[in-house]
Amino acid sequence: MIIGGSKKEVIKNIQKNIKDNELNKKVEVNDPVLSDEELDKALNNFYKIRKNKLLYFIKSRPAFQMVSSVGKKLDSTIKIEGIENIKDINNGAIITSNHFNPLDNLTIRKLIKERYKKNIYIVIQDTNLAMPGEVGYLMNYLNTIPICKRPSYIINTFRPELKRILDKNNYVLIYPEEEMWFNYRKPRPCKRGAYQFAAEANKPIISCFVEMIDTNISDNDEFNQINYIVHVLKPIYPDSSISVRENSKRMAEIDYNQKKEAYEKAYHKKLDYAFSKDDIAGLKKD
């Protein structure tokens with residue numbers, strides 16, 4: 001699951017952000033940067049096509065076929081543990097997981113297909129709509145929901161779209177760490193957004209942590225291939241006796257602590273944020 005070229009600069013950015021205690025800050029290089037006008041155009045085009053059901057169906061078929069093909073290749077590398085923890089969840093939920101690869105949603109996609117026989121929706125950053133090539137195509141046509149930091153967009157567009165999808169008892173993946181840190185093993189602090197949306201919709205959180213296991217099989221010059229274990233943790237439910245804001249804080253804290261515990265159990269070490277090259281899964285030794 002190596003996407004893009006060399007990750008040396010990305011790893012340097014991870015080291016710097018850890019030193020600066022910026023655990024949710026961007027580390028990727030060459031991501032799209034859009035002007036307000038370009039962003040408006042990308043979002044307008046996204047929703048224009050989405051409203052045309054026939055056009056969206058035609059354009060989304062290649063995206064789902066692409067993911068299905070890659071998923072079949074990676075299926076044997078993904079193991080799921082703890083699926084019994086969500087046996088009582090049947091009417092939709094928000095899923096949270098650590099974010100370490102552009103295609104790490106395949107691990108969660110396998111979980112949801114095994115448990116519910118459904119596809120997932122994925123919340124993505126708005127600028128991902130402008131990514132080039134196949135990744136950009138997937139971002140536009142693979143049941144994605146772009147999120148933008150503009151309050152007006154969140155209130156008038158994002159929340160109604162998310163509510164519409166959750167009201168149909170679907171499953172939505174939101175990465176509470178926000179930024180992707182390539183192959184970084186450790187869970188990072190959870191931002192409140194996913195939990196606020198869950199509380200507003202009165203939906204549970206399906207809490208997941210993906211463990212990465214090194215292999216000796218080369219993937220490219222810098223990395224070996226890795227295997228994955230999706231740890232399905234205890235679901236987190238909103239508390240109707242407290243406010244949405246209080247719920248978002250409470251649920252984010254519970255989720256982070258669960259992921260921390262899962263990390264410590266999986267890797268047999270206490271979680272701290274002192275950087276080691278072993279924190280980057282699959283990284284070949286110099």
# chains A, B, ... in the order shown; residues from 1 in each chain; ligands from 1
>>> residues_around(residues="A:Leu43", least_positions_apart="5", cutoff="10 Å", atoms="only C-alpha atoms", output="ChimeraX atom specification")
/A:38,48,126-127,129-130,140,146-148,153
>>> select_by_dssp(residues="stretch 95-258 of chain A", states="helix (DSSP H, G or I)", output="VMD selection string")
chain A and resid 105 to 116 126 to 130 133 to 141 151 to 167 193 to 201 244 to 258
>>> write_last_selection(atoms="C-alpha atoms", output="short mmCIF file (atom, residue, chain, number, x, y, z; two decimals), in the first residue's frame")
data_model
loop_
_atom_site.label_atom_id
_atom_site.label_comp_id
_atom_site.auth_asym_id
_atom_site.auth_seq_id
_atom_site.Cartn_x
_atom_site.Cartn_y
_atom_site.Cartn_z
CA ASN A 105 -9.81 2.69 4.52
CA LEU A 106 -9.56 -0.77 2.91
CA THR A 107 -8.98 -2.24 6.36
CA ILE A 108 -12.19 -0.67 7.69
CA ARG A 109 -14.01 -1.42 4.46
CA LYS A 110 -13.30 -5.13 5.03
CA LEU A 111 -14.68 -4.91 8.57
CA ILE A 112 -17.93 -3.26 7.49
CA LYS A 113 -18.43 -5.64 4.57
CA GLU A 114 -17.91 -8.66 6.82
CA ARG A 115 -20.22 -7.38 9.55
CA TYR A 116 -22.90 -5.52 7.58
CA ASP A 126 -11.89 19.14 0.67
CA THR A 127 -8.53 19.56 -1.09
CA ASN A 128 -8.40 15.79 -1.69
CA LEU A 129 -10.95 16.34 -4.46
CA ALA A 130 -8.14 17.93 -6.48
CA GLY A 133 -4.64 10.48 -11.05
CA GLU A 134 -6.42 7.44 -9.66
CA VAL A 135 -6.33 8.64 -6.05
CA GLY A 136 -8.14 11.83 -7.06
CA TYR A 137 -10.74 9.80 -8.95
CA LEU A 138 -11.37 7.67 -5.88
CA MET A 139 -11.70 10.76 -3.71
CA ASN A 140 -14.47 12.08 -5.95
CA TYR A 141 -16.43 8.90 -6.66
CA PRO A 151 -18.42 27.29 9.15
CA SER A 152 -21.04 28.08 6.50
CA TYR A 153 -20.16 24.93 4.55
CA ILE A 154 -20.22 22.73 7.65
CA ILE A 155 -23.60 24.08 8.75
CA ASN A 156 -25.35 24.34 5.39
CA THR A 157 -23.84 21.49 3.39
CA PHE A 158 -21.75 19.01 5.35
CA ARG A 159 -24.03 18.40 8.33
CA PRO A 160 -27.19 17.93 6.23
CA GLU A 161 -25.32 15.53 3.92
CA LEU A 162 -23.94 13.55 6.86
CA LYS A 163 -27.37 13.46 8.53
CA ARG A 164 -29.00 12.23 5.32
CA ILE A 165 -26.49 9.38 5.08
CA LEU A 166 -26.66 8.40 8.77
CA ASP A 167 -30.48 8.57 8.76
CA GLY A 193 -15.51 16.69 15.25
CA ALA A 194 -16.36 13.01 14.74
CA TYR A 195 -17.81 12.75 18.23
CA GLN A 196 -19.83 15.94 17.92
CA PHE A 197 -21.40 14.63 14.72
CA ALA A 198 -22.14 11.28 16.42
CA ALA A 199 -23.80 13.01 19.36
CA GLU A 200 -25.86 15.27 17.06
CA ALA A 201 -27.07 12.23 15.11
CA VAL A 244 -23.43 17.71 22.45
CA ARG A 245 -20.26 19.61 23.33
CA GLU A 246 -19.78 17.68 26.56
CA ASN A 247 -20.43 14.45 24.67
CA SER A 248 -17.82 15.31 22.06
CA LYS A 249 -15.16 15.87 24.72
CA ARG A 250 -16.12 12.76 26.67
CA MET A 251 -16.32 10.46 23.64
CA ALA A 252 -13.04 11.76 22.17
CA GLU A 253 -11.25 11.09 25.45
CA ILE A 254 -12.69 7.58 25.74
CA ASP A 255 -11.76 6.79 22.15
CA TYR A 256 -8.19 8.05 22.48
CA ASN A 257 -7.70 6.05 25.69
CA GLN A 258 -9.07 2.91 24.00
#
>>> atom_distance(atom1="atom CA of A:Asn98", atom2="atom CA of A:Gln65")
24.9 Å
>>> residues_around(residues="stretch 74-85 of chain A", least_positions_apart="5", cutoff="6 Å", atoms="only C-alpha atoms", output="ChimeraX atom specification")
/A:227-232,234
>>> select_by_dssp(residues="stretch 37-211 of chain A", states="strand (DSSP E or B)", output="PyMOL selection string")
chain A and resi 78-81+93-96+121-125+144-147+171-174+184+205-211
>>> closest_residue(among="A:Ile145, A:Lys203, A:Ile89, A:Gly71", to="A:Asp104", atoms="only C-alpha atoms")
A:Gly71
>>> closest_residue(among="A:Phe46, A:Thr215, A:Lys191, A:Phe223", to="A:Leu23", atoms="only C-alpha atoms")
A:Lys191
>>> closest_residue(among="A:Pro187, A:Gly282, A:Pro176, A:Pro102", to="A:Glu222", atoms="only C-alpha atoms")
A:Gly282
>>> atom_distance(atom1="atom CA of A:Arg192", atom2="atom CA of A:Glu178")
10.3 Å
>>> atom_distance(atom1="atom CA of A:Lys260", atom2="atom CA of A:Ser97")
11.8 Å
>>> closest_residue(among="A:Lys7, A:Lys186, A:Val210, A:Met131", to="A:Leu271", atoms="only C-alpha atoms")
A:Lys186
>>> closest_residue(among="A:Leu34, A:Glu177, A:Ile206, A:Pro132", to="A:Asn90", atoms="only C-alpha atoms")
A:Ile206
